[in-house]
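Report on the following structure.
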Amino acid sequence: MTLRQKRELFYGLLFVSPWIMGMLMFVLYPVLASLYYSFCYYSVLSEPKFIGLGNYFDLFTDSVFWGSVLNTFYYAVFALPLGIAISVTLAMLLTVKVRGVTIYRTIFFLPSLLPVVALAILWLWIFNGEYGVLNFALSKLGIEGPNWLAEKNWAMPALIIMSFWGVGHMVVIYLASLQDVPQVLYEAAELDGASWWHKARHITLPMISPVIYFNLIMGIIGTLQIFAQPYIMTGGGPARATLFYTMYLYDNGFRYLRMGYASAMAWILFIIILLLTLVATRISRKYIYYEGG
Amino acid sequence: MKPKQQAAKNNLRNLWIVPFLGFGLLFTGCGGDTPVADGPVTVQYWEKWTGFEGEAMVAVVDRFNTIQNDIFVELTTVSQIDRKVLVATAGGDPPDIAGLFSFNVYNYAELNALMPLDDFIKQAGIKAEDYIPAYWRLCLAAGKVYALPTTPASIGLHWNKRMFREAGLDPERPPRTIEELDYYAKKLTVRDEVGKIVQVGFLPIWPGWWNWAWGLFFGGELWDGGDTVTPDDSRNIIAYEWVQKYSRGYGLKELQTFRSGFGNFSSPQNPFLSEQVAMVLQGVWMYNFIDMYAPDLEWGAAPFPTSSSDLYGTSICEADVLVIPSGSRHPREAFEFIKYVNTQAGMELLCMGQRKHTPLRKVSKEFLEQHPNPYIEMFIELAKNPNAKRSLAIGIWNEYDDEMRVAFDRIWLQEGTAAEILGTAKRRLQKSYDRELRRKARLLKDN
Amino acid sequence: MGVVSKKPGRSWGRLGKRGWGKASHALIHLVLLSAAMLFLFPLLWMVSTSLKPIAETMKIPPVWLYWPPQFKNFWDAVNYIPFLRYTLNTLIVCSLAIIGTVSSCSLVAYGFSRIKWPGRDIFFVVTLATMMIPFPVIMVPLYAVFRELGWIGSLKPLWAPAFFGSAFNIFLLRQFFLGIPNDLSDAARIDGCNELVIFWRIILPLCKPVLAVVTLFTFIYHWNDFLAPLIFLTKQETFTLSLGLQFYQSQHGGTQWHMLMAASVLVVAPVIVLFFFTQRTFIKGIALTGIKG
């Protein structure tokens, strides 16, 4: 190793050292420990006891576990693609109408800034069957709205609808990346007489496809871990119709004090996310356009 | 803790500073240890109450702090106290005293989260006979005492006399049997001209605080006390079939619409207080809400109806309890306070403030005479009744409670017959309980 | 990707210049306006409710403007819970987390992008992979780590890890650092500057907009974080606002709507103002990081 290489290695490691520490303490150790706990009977207050694959076997026959998996997928399958579609649409519309963009941008971002607890409780009121404002609005249209959160079939759609108010940060990210699309492309297309839809389909979408991919991955990671809103709003009810994966994990870990079981659940979630990310990457590779790549 | 472990811990504690030293940043961790000072010992006390119930406890704490100078009790209000205490205990930084619910005691004791109080109690001369048995037994786990009660509560039927009169019923005679209850409920239910429900006699789903307990009023048991949980006990099935009759009889959808118009429990829009529901199963504290939000309400309280007369007087008796979490820094001083609360004077001050009855057998005449709740003696009788029930002293109680809540929801939503749904609950809970027992046995063997 | 040289074009509104009738423009206006109304609704309702007496909060049809406005709700709300204490705690957590994230992540990102050392790229891939670990996986052992560090019961678990970097922000900053031409630092190196000086004098001043993005993301994350405070904070006096707002719901299930909403307005107002005035920097920052991956 030359002196220069040695110096570079020294500086490289020096700069990265906080993260090496952080990763060891707050990521690597916890990850490995939870892997170990997932093979243990562990109640937090006493030492973990190794029981092999017991927790995993129990999980596979736990109908509530499977229910929570289904609920979480149900939510993600609708909330994520629709959320992306809505935010892309809003961002694209905003590029058309220039005036007041700052204000629109702030408005779309607003709900992401409201405190989660307050927002969740506000939505409780919006969805109330009798005096909620949603059913009031629907009744004006001559529709008798359901008792959203109290009905098994409607509680989940209600939560999905609610999630659309959280797309603001995606809108902002799309807007930023739309600034990056070279004007010449549009000008050339306009010379060819391309319609708005054509330009959107063949220029804008391909150009921002890496950002969509980015949001998709981040969305998968985030949506599968949804916790706060249902925890506050439904507590998993009615009859576990909105019991999400992370909620059941939390219950097992911190309410029934089965940390080993909860750790096994956590690991399964990790593997699910990893697989989904791989699948998403595989599929989207075909559609993503990389500048110069 | 072994010295080696302690050293390792200290090393770990300091390790996180390393990268910052690399950049010449000085970053000192703030130590969590409080220096020992002269003067009174400060005892940390976490309690769940807010509002006037909290004030009643503050009054007791203040009294204790003034009558002696050695101990100073510092009261902190903590929400979701059961979880917080557990987490703090696991984290090695628990309060010295915690005000838990009685249904936490068994589970926490089993997990070694609580300190046994037997020695303290013996020294202090406190005896089991001093307490109403239904409340004393809440403090025990595996033959040891882990808690002492503070404010107890029994629950019973509350009914609206004005609504009874209007429906042509005798306002002074509450239903005593389930059949009577059903009959009354029917008579008290009112629909408007388009058939929309505007008033009901009784609604098992509201407010839904004891969804696991309906079997008790039919003589059902949830556990055989040994290796078997019995949510599907035949009498439980009858009880939940009865629950389902209400959702079938009035129409699920109509009831849901009616119910979503209910206001918060703690508000004048509480449907019992706003006279939308004529009868409700509630605790001794219901009087406080009536007094606060609907002082003109004409109401009465009685034992909840039962399927047969020998069960009449069945109630659930639970209490708030004081415990000393394992790892408390001042257990001796902490117990001094608990002892004070459990004197007749301290207890009556607290229970009068919270307007509940006392768990002690001995009650002063003034307490009963001055007590604002006109039915207080009825609630004491419920606690003394041999049919007084409690939540289960079983390790999987939290899960049991959750499972029964779900089963209740499903039964109410008519997803199946009570027998089927309780059967599912039984399978899940038995599996969980078996696992629990197996692991406990294994832990015992290993140790 | 020559992001730095690209001027954020103000002219992308031209996308719709030709081939667009007034009608379609009006349509876009309409869509944007109605979307904005929907997104504004929660905030407006929050403000409206914060000015009503509690008995009026559940009325149907809803009353938008109650007269006279109940400004005393704000006073009551602040006194109902230790509002100032919680605000202070939240601000402590947010500002320390921001300081920590910005300082550690920029250092680490520098080490990952501006210095060549053996193993760097592999380590970076590992870093990216940690983003996929769901919080619940590490939640339980992380608890044990904090317990060993003696942090349980204090605010440290919420902010101290930020000083060790976080994968997402390291990633953002690295992307940006890669785009800065190497000539700058090479010239400095020839002048004998060491890496720390280059980092401090040359690179940091260039990346203010990106640091703004990191700051805002960090702020919002910690401002709204619910699960971590729920688990790691045991003492009332250390609660953050997101947890503390729950106290407006009583043990018996009643909610002090008017106060909750008043408190929320107080919480959110400064944040909205902040976002409104900084969004230009913010958007620029996002565009510059080129999240495009």
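Starting from 1 in every chain, residues are counted up; chains themselves are A, B, ... following the order of the structure tokens, and ligands are numbered from 1 as listed.
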- Message: Based on only C-alpha atoms, which of the residues in chain B come within 7 Å of chain A? I want them as a PyMOL selection string.
- Response: chain B and resi 19+90+111+257+260-261+398-399+406+409-410
Next, dump the selected residues to file, keeping only all heavy atoms, as an mmCIF file, in the first residue's frame.
data_model
loop_
_atom_site.group_PDB
_atom_site.id
_atom_site.type_symbol
_atom_site.label_atom_id
_atom_site.label_comp_id
_atom_site.auth_asym_id
_atom_site.auth_seq_id
_atom_site.Cartn_x
_atom_site.Cartn_y
_atom_site.Cartn_z
ATOM 1 N N PRO B 19 -16.313 7.880 18.213
ATOM 2 C CA PRO B 19 -16.156 8.598 16.938
ATOM 3 C C PRO B 19 -16.090 10.097 17.124
ATOM 4 O O PRO B 19 -15.448 10.785 16.340
ATOM 5 C CB PRO B 19 -17.404 8.197 16.158
ATOM 6 C CG PRO B 19 -18.343 7.642 17.151
ATOM 7 C CD PRO B 19 -17.522 7.074 18.250
ATOM 8 N N ALA B 90 -38.312 -3.126 32.971
ATOM 9 C CA ALA B 90 -37.390 -3.854 32.103
ATOM 10 C C ALA B 90 -36.172 -2.997 31.805
ATOM 11 O O ALA B 90 -35.059 -3.497 31.690
ATOM 12 C CB ALA B 90 -38.092 -4.243 30.812
ATOM 13 N N LEU B 111 -43.796 -12.340 36.032
ATOM 14 C CA LEU B 111 -42.637 -11.919 35.248
ATOM 15 C C LEU B 111 -41.556 -11.280 36.118
ATOM 16 O O LEU B 111 -40.628 -10.660 35.605
ATOM 17 C CB LEU B 111 -43.073 -10.924 34.172
ATOM 18 C CG LEU B 111 -43.946 -11.493 33.064
ATOM 19 C CD1 LEU B 111 -44.602 -10.390 32.271
ATOM 20 C CD2 LEU B 111 -43.123 -12.386 32.161
ATOM 21 N N THR B 257 -76.037 2.517 13.202
ATOM 22 C CA THR B 257 -76.346 3.916 12.928
ATOM 23 C C THR B 257 -76.685 4.634 14.222
ATOM 24 O O THR B 257 -76.185 5.720 14.504
ATOM 25 C CB THR B 257 -77.540 4.011 11.962
ATOM 26 O OG1 THR B 257 -77.265 3.170 10.851
ATOM 27 C CG2 THR B 257 -77.757 5.427 11.510
ATOM 28 N N SER B 260 -73.510 5.139 16.342
ATOM 29 C CA SER B 260 -72.497 6.102 15.934
ATOM 30 C C SER B 260 -72.915 7.526 16.289
ATOM 31 O O SER B 260 -72.121 8.446 16.184
ATOM 32 C CB SER B 260 -72.174 5.972 14.446
ATOM 33 O OG SER B 260 -73.334 6.162 13.689
ATOM 34 N N GLY B 261 -74.169 7.692 16.726
ATOM 35 C CA GLY B 261 -74.579 9.007 17.202
ATOM 36 C C GLY B 261 -74.226 9.252 18.659
ATOM 37 O O GLY B 261 -74.448 10.336 19.182
ATOM 38 N N ASN B 398 -53.929 -10.751 29.135
ATOM 39 C CA ASN B 398 -54.060 -9.690 28.128
ATOM 40 C C ASN B 398 -54.557 -10.262 26.805
ATOM 41 O O ASN B 398 -55.390 -9.681 26.126
ATOM 42 C CB ASN B 398 -52.722 -8.997 27.899
ATOM 43 C CG ASN B 398 -52.464 -7.933 28.938
ATOM 44 O OD1 ASN B 398 -53.398 -7.489 29.608
ATOM 45 N ND2 ASN B 398 -51.216 -7.541 29.088
ATOM 46 N N GLU B 399 -53.998 -11.397 26.472
ATOM 47 C CA GLU B 399 -54.373 -12.017 25.217
ATOM 48 C C GLU B 399 -55.814 -12.543 25.300
ATOM 49 O O GLU B 399 -56.585 -12.435 24.350
ATOM 50 C CB GLU B 399 -53.407 -13.167 24.951
ATOM 51 C CG GLU B 399 -53.304 -13.526 23.504
ATOM 52 C CD GLU B 399 -52.385 -14.717 23.321
ATOM 53 O OE1 GLU B 399 -51.694 -15.112 24.282
ATOM 54 O OE2 GLU B 399 -52.386 -15.259 22.212
ATOM 55 N N VAL B 406 -62.473 -9.652 20.442
ATOM 56 C CA VAL B 406 -62.662 -9.980 19.027
ATOM 57 C C VAL B 406 -63.838 -10.944 18.870
ATOM 58 O O VAL B 406 -64.686 -10.765 17.990
ATOM 59 C CB VAL B 406 -61.375 -10.591 18.443
ATOM 60 C CG1 VAL B 406 -61.626 -11.139 17.053
ATOM 61 C CG2 VAL B 406 -60.279 -9.551 18.403
ATOM 62 N N ASP B 409 -66.985 -9.028 19.158
ATOM 63 C CA ASP B 409 -67.229 -8.281 17.909
ATOM 64 C C ASP B 409 -67.811 -9.190 16.846
ATOM 65 O O ASP B 409 -68.776 -8.851 16.165
ATOM 66 C CB ASP B 409 -65.915 -7.700 17.374
ATOM 67 C CG ASP B 409 -65.625 -6.320 17.942
ATOM 68 O OD1 ASP B 409 -66.430 -5.855 18.767
ATOM 69 O OD2 ASP B 409 -64.591 -5.733 17.560
ATOM 70 N N ARG B 410 -67.187 -10.355 16.690
ATOM 71 C CA ARG B 410 -67.623 -11.262 15.620
ATOM 72 C C ARG B 410 -69.030 -11.781 15.893
ATOM 73 O O ARG B 410 -69.830 -11.918 14.974
ATOM 74 C CB ARG B 410 -66.635 -12.428 15.486
ATOM 75 C CG ARG B 410 -65.243 -11.976 15.060
ATOM 76 C CD ARG B 410 -64.345 -13.154 14.804
ATOM 77 N NE ARG B 410 -64.908 -14.035 13.787
ATOM 78 C CZ ARG B 410 -64.671 -15.333 13.708
ATOM 79 N NH1 ARG B 410 -63.890 -15.918 14.608
ATOM 80 N NH2 ARG B 410 -65.206 -16.058 12.752
#
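Summary of the local environment: counting only C-alpha atoms, residues at most 10 Å from Leu178 of chain C, other than itself and those fewer than 4 positions away along its chain, are Met1, Ala109, Tyr110, Phe112, Ser113, Arg114, Leu173, Arg174, Asn182 and Thr289 of chain C.
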Preceding selection exported with all heavy atoms as a PDB file, in the first residue's frame:
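out_1.pdb, written as the output of this step:
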ATOM      1  N   MET C   1     -24.142  12.888 -14.202  1.00  0.00           N
ATOM      2  CA  MET C   1     -25.375  13.672 -14.182  1.00  0.00           C
ATOM      3  C   MET C   1     -25.033  15.105 -13.801  1.00  0.00           C
ATOM      4  O   MET C   1     -24.664  15.390 -12.673  1.00  0.00           O
ATOM      5  CB  MET C   1     -26.313  13.066 -13.149  1.00  0.00           C
ATOM      6  CG  MET C   1     -27.682  13.611 -13.184  1.00  0.00           C
ATOM      7  SD  MET C   1     -28.717  12.660 -12.070  1.00  0.00           S
ATOM      8  CE  MET C   1     -27.674  12.448 -10.640  1.00  0.00           C
ATOM      9  N   ALA C 109     -21.137  10.761   4.291  1.00  0.00           N
ATOM     10  CA  ALA C 109     -21.354  10.802   2.850  1.00  0.00           C
ATOM     11  C   ALA C 109     -20.068  11.256   2.141  1.00  0.00           C
ATOM     12  O   ALA C 109     -19.742  10.775   1.058  1.00  0.00           O
ATOM     13  CB  ALA C 109     -22.500  11.748   2.524  1.00  0.00           C
ATOM     14  N   TYR C 110     -19.357  12.159   2.781  1.00  0.00           N
ATOM     15  CA  TYR C 110     -18.076  12.587   2.210  1.00  0.00           C
ATOM     16  C   TYR C 110     -17.139  11.392   2.104  1.00  0.00           C
ATOM     17  O   TYR C 110     -16.509  11.167   1.067  1.00  0.00           O
ATOM     18  CB  TYR C 110     -17.462  13.684   3.091  1.00  0.00           C
ATOM     19  CG  TYR C 110     -16.213  14.298   2.525  1.00  0.00           C
ATOM     20  CD1 TYR C 110     -16.280  15.451   1.749  1.00  0.00           C
ATOM     21  CD2 TYR C 110     -14.959  13.735   2.768  1.00  0.00           C
ATOM     22  CE1 TYR C 110     -15.131  16.019   1.224  1.00  0.00           C
ATOM     23  CE2 TYR C 110     -13.809  14.300   2.249  1.00  0.00           C
ATOM     24  CZ  TYR C 110     -13.901  15.443   1.473  1.00  0.00           C
ATOM     25  OH  TYR C 110     -12.776  15.999   0.965  1.00  0.00           O
ATOM     26  N   PHE C 112     -17.903   8.424   1.801  1.00  0.00           N
ATOM     27  CA  PHE C 112     -18.392   7.461   0.816  1.00  0.00           C
ATOM     28  C   PHE C 112     -18.257   7.953  -0.616  1.00  0.00           C
ATOM     29  O   PHE C 112     -18.487   7.202  -1.556  1.00  0.00           O
ATOM     30  CB  PHE C 112     -19.866   7.139   1.071  1.00  0.00           C
ATOM     31  CG  PHE C 112     -20.069   6.019   2.041  1.00  0.00           C
ATOM     32  CD1 PHE C 112     -20.963   6.141   3.096  1.00  0.00           C
ATOM     33  CD2 PHE C 112     -19.379   4.823   1.887  1.00  0.00           C
ATOM     34  CE1 PHE C 112     -21.152   5.098   3.987  1.00  0.00           C
ATOM     35  CE2 PHE C 112     -19.576   3.779   2.772  1.00  0.00           C
ATOM     36  CZ  PHE C 112     -20.456   3.921   3.825  1.00  0.00           C
ATOM     37  N   SER C 113     -17.973   9.256  -0.789  1.00  0.00           N
ATOM     38  CA  SER C 113     -18.004   9.761  -2.161  1.00  0.00           C
ATOM     39  C   SER C 113     -16.712  10.462  -2.598  1.00  0.00           C
ATOM     40  O   SER C 113     -16.319  10.350  -3.744  1.00  0.00           O
ATOM     41  CB  SER C 113     -19.178  10.726  -2.319  1.00  0.00           C
ATOM     42  OG  SER C 113     -19.076  11.760  -1.372  1.00  0.00           O
ATOM     43  N   ARG C 114     -16.076  11.187  -1.705  1.00  0.00           N
ATOM     44  CA  ARG C 114     -14.954  12.025  -2.136  1.00  0.00           C
ATOM     45  C   ARG C 114     -13.598  11.400  -1.857  1.00  0.00           C
ATOM     46  O   ARG C 114     -12.584  11.969  -2.212  1.00  0.00           O
ATOM     47  CB  ARG C 114     -15.015  13.402  -1.451  1.00  0.00           C
ATOM     48  CG  ARG C 114     -16.365  14.074  -1.515  1.00  0.00           C
ATOM     49  CD  ARG C 114     -16.724  14.572  -2.875  1.00  0.00           C
ATOM     50  NE  ARG C 114     -15.745  15.475  -3.437  1.00  0.00           N
ATOM     51  CZ  ARG C 114     -15.856  16.024  -4.646  1.00  0.00           C
ATOM     52  NH1 ARG C 114     -16.894  15.721  -5.406  1.00  0.00           N
ATOM     53  NH2 ARG C 114     -14.935  16.820  -5.094  1.00  0.00           N
ATOM     54  N   LEU C 173     -27.051  12.617   0.523  1.00  0.00           N
ATOM     55  CA  LEU C 173     -25.893  13.503   0.469  1.00  0.00           C
ATOM     56  C   LEU C 173     -24.809  12.945  -0.438  1.00  0.00           C
ATOM     57  O   LEU C 173     -24.155  13.695  -1.159  1.00  0.00           O
ATOM     58  CB  LEU C 173     -25.352  13.727   1.883  1.00  0.00           C
ATOM     59  CG  LEU C 173     -26.241  14.632   2.732  1.00  0.00           C
ATOM     60  CD1 LEU C 173     -25.935  14.485   4.206  1.00  0.00           C
ATOM     61  CD2 LEU C 173     -26.040  16.082   2.302  1.00  0.00           C
ATOM     62  N   ARG C 174     -24.629  11.647  -0.419  1.00  0.00           N
ATOM     63  CA  ARG C 174     -23.603  11.048  -1.265  1.00  0.00           C
ATOM     64  C   ARG C 174     -23.917  11.326  -2.733  1.00  0.00           C
ATOM     65  O   ARG C 174     -23.034  11.694  -3.512  1.00  0.00           O
ATOM     66  CB  ARG C 174     -23.530   9.553  -1.029  1.00  0.00           C
ATOM     67  CG  ARG C 174     -22.585   8.844  -1.997  1.00  0.00           C
ATOM     68  CD  ARG C 174     -22.666   7.343  -1.808  1.00  0.00           C
ATOM     69  NE  ARG C 174     -21.905   6.636  -2.821  1.00  0.00           N
ATOM     70  CZ  ARG C 174     -22.416   6.214  -3.967  1.00  0.00           C
ATOM     71  NH1 ARG C 174     -23.688   6.450  -4.239  1.00  0.00           N
ATOM     72  NH2 ARG C 174     -21.661   5.572  -4.843  1.00  0.00           N
ATOM     73  N   ASN C 182     -14.384  17.035  -9.331  1.00  0.00           N
ATOM     74  CA  ASN C 182     -13.244  16.668  -8.499  1.00  0.00           C
ATOM     75  C   ASN C 182     -12.128  17.712  -8.519  1.00  0.00           C
ATOM     76  O   ASN C 182     -11.303  17.747  -7.619  1.00  0.00           O
ATOM     77  CB  ASN C 182     -12.677  15.321  -8.946  1.00  0.00           C
ATOM     78  CG  ASN C 182     -13.324  14.194  -8.170  1.00  0.00           C
ATOM     79  OD1 ASN C 182     -13.630  14.357  -6.989  1.00  0.00           O
ATOM     80  ND2 ASN C 182     -13.545  13.068  -8.822  1.00  0.00           N
ATOM     81  N   THR C 289     -30.215  16.672  -5.324  1.00  0.00           N
ATOM     82  CA  THR C 289     -29.741  15.369  -4.875  1.00  0.00           C
ATOM     83  C   THR C 289     -29.974  14.342  -5.956  1.00  0.00           C
ATOM     84  O   THR C 289     -29.312  13.316  -5.971  1.00  0.00           O
ATOM     85  CB  THR C 289     -30.483  14.882  -3.618  1.00  0.00           C
ATOM     86  OG1 THR C 289     -31.871  14.909  -3.899  1.00  0.00           O
ATOM     87  CG2 THR C 289     -30.144  15.720  -2.434  1.00  0.00           C
TER      88      THR C 289
END
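Summary of the local environment: counting only C-alpha atoms, residues at most 6 Å from segment 255-258 of chain C, other than itself and those fewer than 4 positions away along its chain, are Thr49, Ser50, Ile54, Tyr248 and Gln249 of chain C.
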- Query: When the cut-off is 6 Å and we count only C-alpha atoms, which residues of chain C are near chain B, given as JSON, numbers by chain?
  - Reply: {"C": [147, 149, 152, 234, 236, 254]}
- Neighbour list for segment 133-137 of chain A as a list in words, cut-off 10 Å, only C-alpha atoms, skip fewer than 5 positions in-chain: Trp123, Trp125, Ile126, Phe127, Asn128, Gly142, Ile143, Glu144, Gly145, Pro146, Asn147 and Trp148 of chain A; Met58, Lys59, Ile60, Pro61 and Pro62 of chain C
Hey, can you spit out that residue selection with N, CA and C atoms as a PDB file, in the first residue's frame?
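Final file, result-v6.pdb:
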ATOM      1  N   TRP A 123     -59.771  12.353  11.601  1.00  0.00           N
ATOM      2  CA  TRP A 123     -60.348  11.418  10.640  1.00  0.00           C
ATOM      3  C   TRP A 123     -61.403  10.534  11.290  1.00  0.00           C
ATOM      4  N   TRP A 125     -63.506  11.489  13.315  1.00  0.00           N
ATOM      5  CA  TRP A 125     -64.733  12.281  13.259  1.00  0.00           C
ATOM      6  C   TRP A 125     -65.270  12.355  11.821  1.00  0.00           C
ATOM      7  N   ILE A 126     -64.361  12.517  10.858  1.00  0.00           N
ATOM      8  CA  ILE A 126     -64.787  12.583   9.458  1.00  0.00           C
ATOM      9  C   ILE A 126     -65.527  11.304   9.063  1.00  0.00           C
ATOM     10  N   PHE A 127     -65.052  10.168   9.543  1.00  0.00           N
ATOM     11  CA  PHE A 127     -65.621   8.878   9.148  1.00  0.00           C
ATOM     12  C   PHE A 127     -66.797   8.444  10.015  1.00  0.00           C
ATOM     13  N   ASN A 128     -67.128   9.196  11.035  1.00  0.00           N
ATOM     14  CA  ASN A 128     -68.223   8.772  11.901  1.00  0.00           C
ATOM     15  C   ASN A 128     -69.513   8.595  11.094  1.00  0.00           C
ATOM     16  N   GLY A 142     -77.160  12.242  -2.101  1.00  0.00           N
ATOM     17  CA  GLY A 142     -78.182  11.214  -2.121  1.00  0.00           C
ATOM     18  C   GLY A 142     -77.653   9.817  -1.835  1.00  0.00           C
ATOM     19  N   ILE A 143     -76.431   9.717  -1.285  1.00  0.00           N
ATOM     20  CA  ILE A 143     -75.879   8.409  -0.969  1.00  0.00           C
ATOM     21  C   ILE A 143     -75.888   8.227   0.545  1.00  0.00           C
ATOM     22  N   GLU A 144     -76.335   7.053   0.974  1.00  0.00           N
ATOM     23  CA  GLU A 144     -76.273   6.794   2.398  1.00  0.00           C
ATOM     24  C   GLU A 144     -74.945   6.114   2.702  1.00  0.00           C
ATOM     25  N   GLY A 145     -74.068   6.837   3.349  1.00  0.00           N
ATOM     26  CA  GLY A 145     -72.721   6.324   3.607  1.00  0.00           C
ATOM     27  C   GLY A 145     -72.726   5.247   4.681  1.00  0.00           C
ATOM     28  N   PRO A 146     -71.732   4.362   4.638  1.00  0.00           N
ATOM     29  CA  PRO A 146     -71.643   3.320   5.671  1.00  0.00           C
ATOM     30  C   PRO A 146     -71.090   3.886   6.980  1.00  0.00           C
ATOM     31  N   ASN A 147     -71.072   3.043   7.994  1.00  0.00           N
ATOM     32  CA  ASN A 147     -70.431   3.399   9.254  1.00  0.00           C
ATOM     33  C   ASN A 147     -68.963   3.055   9.152  1.00  0.00           C
ATOM     34  N   TRP A 148     -68.272   3.826   8.363  1.00  0.00           N
ATOM     35  CA  TRP A 148     -66.927   3.477   7.904  1.00  0.00           C
ATOM     36  C   TRP A 148     -66.130   2.589   8.851  1.00  0.00           C
TER      37      TRP A 148
ATOM     38  N   MET C  58     -69.603  18.587  17.480  1.00  0.00           N
ATOM     39  CA  MET C  58     -70.153  17.381  16.858  1.00  0.00           C
ATOM     40  C   MET C  58     -71.431  17.662  16.092  1.00  0.00           C
ATOM     41  N   LYS C  59     -71.713  18.918  15.847  1.00  0.00           N
ATOM     42  CA  LYS C  59     -72.995  19.241  15.229  1.00  0.00           C
ATOM     43  C   LYS C  59     -73.050  18.816  13.765  1.00  0.00           C
ATOM     44  N   ILE C  60     -74.225  18.362  13.361  1.00  0.00           N
ATOM     45  CA  ILE C  60     -74.503  18.104  11.953  1.00  0.00           C
ATOM     46  C   ILE C  60     -75.761  18.874  11.601  1.00  0.00           C
ATOM     47  N   PRO C  61     -75.783  19.688  10.537  1.00  0.00           N
ATOM     48  CA  PRO C  61     -74.669  19.972   9.636  1.00  0.00           C
ATOM     49  C   PRO C  61     -73.555  20.732  10.341  1.00  0.00           C
ATOM     50  N   PRO C  62     -72.322  20.504   9.898  1.00  0.00           N
ATOM     51  CA  PRO C  62     -71.201  21.133  10.584  1.00  0.00           C
ATOM     52  C   PRO C  62     -71.236  22.652  10.497  1.00  0.00           C
TER      53      PRO C  62
END
- Query: By how many Å are atom CA of Leu3 of chain A and atom CA of Asp186 of chain C apart?
  - Reply: 16.9 Å
- Message: Please list as an MDAnalysis selection string every residue within 12 Å of Ser112 of chain A, counting only C-alpha atoms and excluding residues in the same chain fewer than 6 positions away.
- Response: (chainID A and resid 105:106 118:120 162:172) or (chainID C and resid 39:40 42:43 216:217 219:221 223:225 268 271:272 275)
- Task: Please identify which residues in segment 3-236 of chain A DSSP calls alpha helix (DSSP H) from the backbone, and express them as a ChimeraX atom specification.
- Result: /A:3-22,29-37,54-60,63-96,101-113,116-126,133-140,152-163,168-178,183-191,196-199,205-223,228-233
- Skipping near chain neighbours, those fewer than 6 positions away, what residues fall within 9 Å of segment 229-232 of chain C using only C-alpha atoms, listed as an MDAnalysis selection string? (chainID A and resid 254) or (chainID B and resid 84 87:88) or (chainID C and resid 139 143 146 151:155 157:158 239:240 242:243)
- Message: I'd like the neighbourhood of Trp66 of chain A as a list in words, where a residue qualifies if any of its atoms comes within 12 Å (using only C-alpha atoms), though same-chain residues fewer than 6 positions away should be ignored.
- Response: Asp58, Leu59, Phe60, Thr72, Phe73, Arg240, Ala241, Leu243, Phe244, Tyr245, Tyr248, Met265 and Ile268 of chain A
- Using only C-alpha atoms: which of A:Met92, A:Leu138, A:Val117, A:Met207 has the shortest distance to chain C: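 Checking each of A:Met92, A:Leu138, A:Val117, A:Met207 against chain C, counting only C-alpha atoms, the winner is A:Val117.
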- Message: as a list in words, please: every residue in segment 304-357 of chain B that a backbone DSSP assignment puts in strand (DSSP E).
- Response: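 Listing strand (DSSP E) positions across segment 304-357 of chain B yields Ser315, Ile316, Cys317, Glu318, Ala319, Asp320, Val321, Leu322 and Val323 of chain B.
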Residues of the last selection are to be written out with N, CA, C and O atoms, as a compact mmCIF listing (two decimals), in the first residue's frame.
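Output (selection23.txt):
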# COMPACT_ATOMS: atom_id res chain seq x y z
N SER B 315 -71.05 -9.90 40.30
CA SER B 315 -70.46 -8.63 39.91
C SER B 315 -68.99 -8.87 39.60
O SER B 315 -68.45 -9.93 39.92
N ILE B 316 -68.36 -7.92 38.95
CA ILE B 316 -66.91 -8.00 38.77
C ILE B 316 -66.30 -7.01 39.75
O ILE B 316 -66.69 -5.85 39.78
N CYS B 317 -65.40 -7.49 40.56
CA CYS B 317 -64.75 -6.61 41.53
C CYS B 317 -63.28 -6.49 41.17
O CYS B 317 -62.53 -7.46 41.22
N GLU B 318 -62.89 -5.29 40.82
CA GLU B 318 -61.49 -5.04 40.54
C GLU B 318 -61.08 -3.85 41.39
O GLU B 318 -61.92 -3.15 41.94
N ALA B 319 -59.79 -3.63 41.47
CA ALA B 319 -59.35 -2.49 42.28
C ALA B 319 -58.13 -1.86 41.64
O ALA B 319 -57.45 -2.48 40.83
N ASP B 320 -57.90 -0.63 42.01
CA ASP B 320 -56.61 -0.03 41.70
C ASP B 320 -55.68 -0.46 42.82
O ASP B 320 -56.11 -0.56 43.96
N VAL B 321 -54.44 -0.75 42.48
CA VAL B 321 -53.54 -1.26 43.50
C VAL B 321 -52.23 -0.47 43.48
O VAL B 321 -51.88 0.14 42.47
N LEU B 322 -51.56 -0.50 44.59
CA LEU B 322 -50.22 0.07 44.67
C LEU B 322 -49.21 -1.07 44.73
O LEU B 322 -49.39 -2.02 45.49
N VAL B 323 -48.18 -0.98 43.89
CA VAL B 323 -47.15 -2.01 43.88
C VAL B 323 -45.78 -1.34 43.97
O VAL B 323 -45.65 -0.14 43.73
